[in-house]
Amino acid sequence: MAFFKRELTQVERFESTLRDRRAARQKQADRVSLVETIVGEKRAAAERLAVAGATDAKLGRAETRLRAVEERAKTLRAELAEFDEQIAATERALADAKAQRDRDRLADQIEAMAVAIEQAAPGFGAGAAALVDAVTKSATSVLEATRFSTSVDAMRREVLAATDLICWELRSAAVRTRAGNANTAIGVTAEPEQLPTQEIDRQLIYSLNTLLWREGGEVRRAPAFALVELPKLLLPVALRHHHVDYLNARRVQTLIHIHGSEGSPGEPSPDDPQLVDLDALAAGEESVRANVA
């Protein structure tokens with residue numbers, strides 16, 4: 001009796017390939033770790049010989065052995081990097097295959113819905129026709145019954161026509177879904193178009209204090225001793241009060257050497273006593289100018 005193995009799906013093939021490549025990558029990483037250990041030992045041995053004043057011949061042989069293992073380590077590291085690239089490519093292919101599998105499943109469900117509607121339509125038509133016949137084939141004519149019959153018959157024709165239309169639309173949706181056009185296929189309501197936000201002209205500057213300003217309805221805060229993209233409208237007042245300085249300023253170069261360019265991690269606390277409100281500072285200057293005028 002012959003046995004036949006089930007053919008693997010595309011997702012299963014990629015998953016199998018990914019497992020194999022990860023296993024191979026681990027073996028390669030173990031080889032790299034081993035050879036790097038040997039490199040360390042050879043370096044230490046060469047260093048001991050040099051410190052001990054070994055002969056040129058001994059030093060030469062030690063250097064040759066060191067260069068050989070270093071070259072081997074370099075080759076193995078390159079091969080390890082290649083494994084990483086292969087794994088990354090396989091992971092992307094697997095993600096694409098899973099997405100296609102999910103789209104195919106959804107398309108199958110949509111097509112099944114169309115088939116179910118088509119199969120149910122004759123039963124509805126037959127039931128509606130029976131109601132019409134119950135009136136039209138009766139020996140007695142009653143106005144209310146005649147109106148009912150006419151209404152049912154019109155509804156029957158309308159529903160059967162709508163059935164053909166919805167089945168066509170469902171099958172079209174299944175085709176679009178299978179092709180990756182899922183939003184169109186499942187009829188997701190489009191969100192209202194967002195108006196583009198007005199672009200703010202900014203200047204890259206170095207903060208000397210913790211800063212606060214507002215953009216629209218959002219409060220922005222920046223730490224001290226960090227590179228900050230400050231709105232140019234607030235730049236003059238921040239410079240006048242020495243809360244910021246240009247990147248080419250000598251003191252900024254010194255501060256970057258001491259503190260770096262990222263400032264303290266995280267956003268400054270709203271209740272930080274050192275927080276400088278640049279909007280309030282600018283408003284205060286405007287008030288003073290208005291009073292002087």
# chains A, B, ... in the order shown; residues from 1 in each chain; ligands from 1
call {"tool": "select_by_dssp", "arguments": {"residues": "region 79-247 of chain A", "states": "helix (DSSP H, G or I)", "output": "ChimeraX atom specification"}}
result
/A:79-136,143-178,182-185,235-240
call {"tool": "select_by_dssp", "arguments": {"residues": "region 36-283 of chain A", "states": "strand (DSSP E)", "output": "MDAnalysis selection string"}}
result
chainID A and resid 202:207 211:215 218:222 227:231 244:245 276:277
call {"tool": "write_last_selection", "arguments": {"atoms": "N, CA, C and O atoms", "output": "mmCIF file, in the first residue's frame"}}
result
data_model
loop_
_atom_site.group_PDB
_atom_site.id
_atom_site.type_symbol
_atom_site.label_atom_id
_atom_site.label_comp_id
_atom_site.auth_asym_id
_atom_site.auth_seq_id
_atom_site.Cartn_x
_atom_site.Cartn_y
_atom_site.Cartn_z
ATOM 1 N N ARG A 202 11.120 75.793 11.921
ATOM 2 C CA ARG A 202 11.877 75.504 13.140
ATOM 3 C C ARG A 202 13.365 75.775 12.951
ATOM 4 O O ARG A 202 13.845 75.862 11.839
ATOM 5 N N GLN A 203 14.062 75.853 14.076
ATOM 6 C CA GLN A 203 15.509 76.042 14.102
ATOM 7 C C GLN A 203 16.092 75.026 15.076
ATOM 8 O O GLN A 203 15.648 74.915 16.220
ATOM 9 N N LEU A 204 17.099 74.269 14.607
ATOM 10 C CA LEU A 204 17.784 73.334 15.499
ATOM 11 C C LEU A 204 18.720 74.143 16.391
ATOM 12 O O LEU A 204 19.597 74.854 15.904
ATOM 13 N N ILE A 205 18.532 74.004 17.681
ATOM 14 C CA ILE A 205 19.208 74.844 18.662
ATOM 15 C C ILE A 205 19.596 73.973 19.848
ATOM 16 O O ILE A 205 19.123 72.835 19.971
ATOM 17 N N TYR A 206 20.466 74.481 20.732
ATOM 18 C CA TYR A 206 20.871 73.726 21.918
ATOM 19 C C TYR A 206 20.268 74.394 23.141
ATOM 20 O O TYR A 206 20.436 75.597 23.371
ATOM 21 N N SER A 207 19.539 73.608 23.950
ATOM 22 C CA SER A 207 18.872 74.175 25.125
ATOM 23 C C SER A 207 19.833 74.264 26.298
ATOM 24 O O SER A 207 20.628 73.356 26.541
ATOM 25 N N LEU A 211 12.679 73.615 28.765
ATOM 26 C CA LEU A 211 11.833 74.568 28.056
ATOM 27 C C LEU A 211 10.415 74.037 27.879
ATOM 28 O O LEU A 211 10.189 72.818 27.814
ATOM 29 N N LEU A 212 9.479 74.977 27.765
ATOM 30 C CA LEU A 212 8.075 74.643 27.511
ATOM 31 C C LEU A 212 7.513 75.641 26.514
ATOM 32 O O LEU A 212 7.799 76.836 26.599
ATOM 33 N N TRP A 213 6.742 75.154 25.552
ATOM 34 C CA TRP A 213 6.014 76.030 24.631
ATOM 35 C C TRP A 213 4.800 75.280 24.114
ATOM 36 O O TRP A 213 4.635 74.087 24.367
ATOM 37 N N ARG A 214 3.951 75.944 23.382
ATOM 38 C CA ARG A 214 2.702 75.343 22.909
ATOM 39 C C ARG A 214 2.613 75.427 21.397
ATOM 40 O O ARG A 214 2.989 76.432 20.803
ATOM 41 N N GLU A 215 2.094 74.355 20.810
ATOM 42 C CA GLU A 215 1.866 74.304 19.368
ATOM 43 C C GLU A 215 0.440 73.829 19.148
ATOM 44 O O GLU A 215 0.130 72.659 19.382
ATOM 45 N N GLU A 218 -1.301 71.529 21.789
ATOM 46 C CA GLU A 218 -0.357 70.594 22.407
ATOM 47 C C GLU A 218 0.749 71.352 23.130
ATOM 48 O O GLU A 218 1.300 72.324 22.615
ATOM 49 N N VAL A 219 1.058 70.897 24.339
ATOM 50 C CA VAL A 219 2.156 71.471 25.121
ATOM 51 C C VAL A 219 3.413 70.667 24.827
ATOM 52 O O VAL A 219 3.421 69.437 24.917
ATOM 53 N N ARG A 220 4.481 71.350 24.433
ATOM 54 C CA ARG A 220 5.758 70.697 24.130
ATOM 55 C C ARG A 220 6.762 71.063 25.219
ATOM 56 O O ARG A 220 6.816 72.212 25.670
ATOM 57 N N ARG A 221 7.546 70.070 25.641
ATOM 58 C CA ARG A 221 8.602 70.305 26.629
ATOM 59 C C ARG A 221 9.903 69.686 26.138
ATOM 60 O O ARG A 221 9.879 68.650 25.467
ATOM 61 N N ALA A 222 11.021 70.313 26.488
ATOM 62 C CA ALA A 222 12.336 69.820 26.073
ATOM 63 C C ALA A 222 13.286 69.885 27.255
ATOM 64 O O ALA A 222 13.236 70.835 28.046
ATOM 65 N N LEU A 227 19.636 68.870 21.925
ATOM 66 C CA LEU A 227 19.309 69.468 20.640
ATOM 67 C C LEU A 227 17.789 69.568 20.540
ATOM 68 O O LEU A 227 17.083 68.590 20.735
ATOM 69 N N VAL A 228 17.296 70.757 20.220
ATOM 70 C CA VAL A 228 15.849 71.009 20.209
ATOM 71 C C VAL A 228 15.483 71.705 18.904
ATOM 72 O O VAL A 228 16.185 72.634 18.466
ATOM 73 N N GLU A 229 14.406 71.250 18.266
ATOM 74 C CA GLU A 229 13.864 71.944 17.098
ATOM 75 C C GLU A 229 12.823 72.952 17.597
ATOM 76 O O GLU A 229 11.654 72.624 17.781
ATOM 77 N N LEU A 230 13.282 74.167 17.800
ATOM 78 C CA LEU A 230 12.438 75.199 18.393
ATOM 79 C C LEU A 230 11.753 76.015 17.298
ATOM 80 O O LEU A 230 12.397 76.359 16.291
ATOM 81 N N PRO A 231 10.459 76.338 17.446
ATOM 82 C CA PRO A 231 9.814 77.222 16.476
ATOM 83 C C PRO A 231 10.569 78.543 16.371
ATOM 84 O O PRO A 231 10.945 79.140 17.393
ATOM 85 N N VAL A 244 18.802 79.305 25.291
ATOM 86 C CA VAL A 244 19.304 78.453 24.215
ATOM 87 C C VAL A 244 20.525 79.141 23.616
ATOM 88 O O VAL A 244 20.780 80.321 23.887
ATOM 89 N N ASP A 245 21.257 78.391 22.783
ATOM 90 C CA ASP A 245 22.360 78.996 22.051
ATOM 91 C C ASP A 245 22.584 78.187 20.776
ATOM 92 O O ASP A 245 22.145 77.031 20.666
ATOM 93 N N VAL A 276 11.101 76.621 31.848
ATOM 94 C CA VAL A 276 10.954 77.980 31.334
ATOM 95 C C VAL A 276 9.831 77.989 30.299
ATOM 96 O O VAL A 276 9.907 77.300 29.284
ATOM 97 N N ASP A 277 8.796 78.781 30.547
ATOM 98 C CA ASP A 277 7.661 78.898 29.626
ATOM 99 C C ASP A 277 8.004 79.983 28.602
ATOM 100 O O ASP A 277 7.915 81.188 28.889
#
call {"tool": "atom_distance", "arguments": {"atom1": "CA of Phe83 (chain A)", "atom2": "CA of Gln100 (chain A)"}}
result
25.5 Å
call {"tool": "residues_around", "arguments": {"residues": "Ala129 (chain A)", "least_positions_apart": "3", "cutoff": "8 Å", "atoms": "only C-alpha atoms", "output": "PDB file with N, CA and C atoms, in the first residue's frame"}}
result
ATOM      1  N   GLY A 125     -38.042  32.520  -3.435  1.00  0.00           N
ATOM      2  CA  GLY A 125     -38.891  32.747  -4.612  1.00  0.00           C
ATOM      3  C   GLY A 125     -40.076  31.808  -4.647  1.00  0.00           C
ATOM      4  N   ALA A 126     -39.819  30.534  -4.287  1.00  0.00           N
ATOM      5  CA  ALA A 126     -40.913  29.566  -4.296  1.00  0.00           C
ATOM      6  C   ALA A 126     -41.952  29.903  -3.228  1.00  0.00           C
ATOM      7  N   VAL A 132     -48.469  34.218  -3.699  1.00  0.00           N
ATOM      8  CA  VAL A 132     -49.186  34.853  -4.806  1.00  0.00           C
ATOM      9  C   VAL A 132     -50.226  33.902  -5.377  1.00  0.00           C
ATOM     10  N   ASP A 133     -49.868  32.638  -5.555  1.00  0.00           N
ATOM     11  CA  ASP A 133     -50.797  31.664  -6.112  1.00  0.00           C
ATOM     12  C   ASP A 133     -52.001  31.455  -5.197  1.00  0.00           C
ATOM     13  N   ASP A 153     -45.606  39.860  -4.973  1.00  0.00           N
ATOM     14  CA  ASP A 153     -44.985  39.556  -6.252  1.00  0.00           C
ATOM     15  C   ASP A 153     -43.919  40.594  -6.611  1.00  0.00           C
ATOM     16  N   ARG A 156     -40.976  39.905  -4.494  1.00  0.00           N
ATOM     17  CA  ARG A 156     -40.254  38.723  -4.973  1.00  0.00           C
ATOM     18  C   ARG A 156     -39.308  39.088  -6.110  1.00  0.00           C
TER      19      ARG A 156
END
call {"tool": "atom_distance", "arguments": {"atom1": "CA of Thr210 (chain A)", "atom2": "CA of Gly284 (chain A)"}}
result
18.7 Å
call {"tool": "residues_around", "arguments": {"residues": "region 147-150 of chain A", "least_positions_apart": "2", "cutoff": "12 Å", "atoms": "only C-alpha atoms", "output": "PDB file with N, CA, C and O atoms, in the first residue's frame"}}
result
ATOM      1  N   ALA A 128     -42.596  32.908  -1.955  1.00  0.00           N
ATOM      2  CA  ALA A 128     -43.335  34.099  -2.376  1.00  0.00           C
ATOM      3  C   ALA A 128     -44.320  33.766  -3.484  1.00  0.00           C
ATOM      4  O   ALA A 128     -45.464  34.259  -3.495  1.00  0.00           O
ATOM      5  N   ALA A 129     -43.892  32.891  -4.425  1.00  0.00           N
ATOM      6  CA  ALA A 129     -44.795  32.497  -5.508  1.00  0.00           C
ATOM      7  C   ALA A 129     -45.996  31.741  -4.961  1.00  0.00           C
ATOM      8  O   ALA A 129     -47.132  31.889  -5.461  1.00  0.00           O
ATOM      9  N   ALA A 130     -45.788  30.921  -3.941  1.00  0.00           N
ATOM     10  CA  ALA A 130     -46.910  30.188  -3.339  1.00  0.00           C
ATOM     11  C   ALA A 130     -47.904  31.146  -2.708  1.00  0.00           C
ATOM     12  O   ALA A 130     -49.137  30.940  -2.782  1.00  0.00           O
ATOM     13  N   LEU A 131     -47.412  32.209  -2.078  1.00  0.00           N
ATOM     14  CA  LEU A 131     -48.324  33.206  -1.499  1.00  0.00           C
ATOM     15  C   LEU A 131     -49.141  33.892  -2.586  1.00  0.00           C
ATOM     16  O   LEU A 131     -50.351  34.128  -2.432  1.00  0.00           O
ATOM     17  N   VAL A 132     -48.469  34.218  -3.699  1.00  0.00           N
ATOM     18  CA  VAL A 132     -49.186  34.853  -4.806  1.00  0.00           C
ATOM     19  C   VAL A 132     -50.226  33.902  -5.377  1.00  0.00           C
ATOM     20  O   VAL A 132     -51.388  34.283  -5.637  1.00  0.00           O
ATOM     21  N   ASP A 133     -49.868  32.638  -5.555  1.00  0.00           N
ATOM     22  CA  ASP A 133     -50.797  31.664  -6.112  1.00  0.00           C
ATOM     23  C   ASP A 133     -52.001  31.455  -5.197  1.00  0.00           C
ATOM     24  O   ASP A 133     -53.123  31.204  -5.668  1.00  0.00           O
ATOM     25  N   ALA A 134     -51.753  31.544  -3.876  1.00  0.00           N
ATOM     26  CA  ALA A 134     -52.862  31.356  -2.944  1.00  0.00           C
ATOM     27  C   ALA A 134     -53.959  32.383  -3.158  1.00  0.00           C
ATOM     28  O   ALA A 134     -55.139  32.134  -2.873  1.00  0.00           O
ATOM     29  N   VAL A 135     -53.573  33.537  -3.689  1.00  0.00           N
ATOM     30  CA  VAL A 135     -54.561  34.585  -3.943  1.00  0.00           C
ATOM     31  C   VAL A 135     -55.081  34.517  -5.367  1.00  0.00           C
ATOM     32  O   VAL A 135     -56.295  34.511  -5.621  1.00  0.00           O
ATOM     33  N   THR A 136     -54.164  34.430  -6.320  1.00  0.00           N
ATOM     34  CA  THR A 136     -54.577  34.517  -7.722  1.00  0.00           C
ATOM     35  C   THR A 136     -55.347  33.285  -8.184  1.00  0.00           C
ATOM     36  O   THR A 136     -56.177  33.370  -9.099  1.00  0.00           O
ATOM     37  N   LYS A 137     -55.107  32.145  -7.593  1.00  0.00           N
ATOM     38  CA  LYS A 137     -55.803  30.929  -8.020  1.00  0.00           C
ATOM     39  C   LYS A 137     -57.061  30.646  -7.219  1.00  0.00           C
ATOM     40  O   LYS A 137     -57.699  29.601  -7.399  1.00  0.00           O
ATOM     41  N   SER A 138     -57.360  31.554  -6.315  1.00  0.00           N
ATOM     42  CA  SER A 138     -58.586  31.382  -5.536  1.00  0.00           C
ATOM     43  C   SER A 138     -59.807  31.765  -6.378  1.00  0.00           C
ATOM     44  O   SER A 138     -59.744  32.664  -7.228  1.00  0.00           O
ATOM     45  N   SER A 141     -62.382  36.672  -5.221  1.00  0.00           N
ATOM     46  CA  SER A 141     -61.537  37.853  -5.376  1.00  0.00           C
ATOM     47  C   SER A 141     -61.819  38.827  -4.258  1.00  0.00           C
ATOM     48  O   SER A 141     -62.972  39.266  -4.098  1.00  0.00           O
ATOM     49  N   VAL A 142     -60.796  39.136  -3.481  1.00  0.00           N
ATOM     50  CA  VAL A 142     -60.917  40.089  -2.381  1.00  0.00           C
ATOM     51  C   VAL A 142     -59.880  41.185  -2.613  1.00  0.00           C
ATOM     52  O   VAL A 142     -58.693  40.896  -2.864  1.00  0.00           O
ATOM     53  N   LEU A 143     -60.303  42.431  -2.512  1.00  0.00           N
ATOM     54  CA  LEU A 143     -59.421  43.555  -2.839  1.00  0.00           C
ATOM     55  C   LEU A 143     -58.160  43.550  -1.986  1.00  0.00           C
ATOM     56  O   LEU A 143     -57.052  43.714  -2.500  1.00  0.00           O
ATOM     57  N   GLU A 144     -58.322  43.362  -0.679  1.00  0.00           N
ATOM     58  CA  GLU A 144     -57.153  43.382   0.207  1.00  0.00           C
ATOM     59  C   GLU A 144     -56.178  42.258  -0.144  1.00  0.00           C
ATOM     60  O   GLU A 144     -54.965  42.441  -0.127  1.00  0.00           O
ATOM     61  N   ALA A 145     -56.724  41.069  -0.481  1.00  0.00           N
ATOM     62  CA  ALA A 145     -55.869  39.943  -0.842  1.00  0.00           C
ATOM     63  C   ALA A 145     -55.151  40.208  -2.156  1.00  0.00           C
ATOM     64  O   ALA A 145     -53.974  39.845  -2.328  1.00  0.00           O
ATOM     65  N   VAL A 152     -46.514  41.245  -2.718  1.00  0.00           N
ATOM     66  CA  VAL A 152     -45.593  40.123  -2.549  1.00  0.00           C
ATOM     67  C   VAL A 152     -44.870  39.817  -3.859  1.00  0.00           C
ATOM     68  O   VAL A 152     -43.666  39.552  -3.881  1.00  0.00           O
ATOM     69  N   ASP A 153     -45.606  39.860  -4.973  1.00  0.00           N
ATOM     70  CA  ASP A 153     -44.985  39.556  -6.252  1.00  0.00           C
ATOM     71  C   ASP A 153     -43.919  40.594  -6.611  1.00  0.00           C
ATOM     72  O   ASP A 153     -42.844  40.260  -7.118  1.00  0.00           O
ATOM     73  N   ALA A 154     -44.220  41.882  -6.335  1.00  0.00           N
ATOM     74  CA  ALA A 154     -43.237  42.933  -6.606  1.00  0.00           C
ATOM     75  C   ALA A 154     -41.995  42.748  -5.729  1.00  0.00           C
ATOM     76  O   ALA A 154     -40.857  42.895  -6.183  1.00  0.00           O
ATOM     77  N   MET A 155     -42.246  42.375  -4.457  1.00  0.00           N
ATOM     78  CA  MET A 155     -41.119  42.150  -3.542  1.00  0.00           C
ATOM     79  C   MET A 155     -40.284  40.961  -4.006  1.00  0.00           C
ATOM     80  O   MET A 155     -39.054  40.978  -3.929  1.00  0.00           O
ATOM     81  N   ARG A 156     -40.976  39.905  -4.494  1.00  0.00           N
ATOM     82  CA  ARG A 156     -40.254  38.723  -4.973  1.00  0.00           C
ATOM     83  C   ARG A 156     -39.308  39.088  -6.110  1.00  0.00           C
ATOM     84  O   ARG A 156     -38.132  38.703  -6.104  1.00  0.00           O
ATOM     85  N   ARG A 157     -39.814  39.848  -7.077  1.00  0.00           N
ATOM     86  CA  ARG A 157     -38.967  40.238  -8.204  1.00  0.00           C
ATOM     87  C   ARG A 157     -37.804  41.119  -7.740  1.00  0.00           C
ATOM     88  O   ARG A 157     -36.669  40.982  -8.205  1.00  0.00           O
TER      89      ARG A 157
END
call {"tool": "closest_residue", "arguments": {"among": "A:Leu208, A:Leu235, A:Ala249, A:Val11", "to": "Pro223 (chain A)", "atoms": "only C-alpha atoms"}}
result
A:Leu208
call {"tool": "residues_around", "arguments": {"residues": "Ala97 (chain A)", "least_positions_apart": "4", "cutoff": "7 Å", "atoms": "only C-alpha atoms", "output": "list in words"}}
result
Gln10, Val11, Ala93 and Arg101 of chain A
call {"tool": "closest_residue", "arguments": {"among": "A:Ala50, A:Cys167, A:Val252, A:Leu239", "to": "Ala282 (chain A)", "atoms": "only C-alpha atoms"}}
result
A:Leu239
call {"tool": "closest_residue", "arguments": {"among": "A:Lys232, A:Arg105, A:Arg67, A:Arg25", "to": "Leu80 (chain A)", "atoms": "only C-alpha atoms"}}
result
A:Arg25
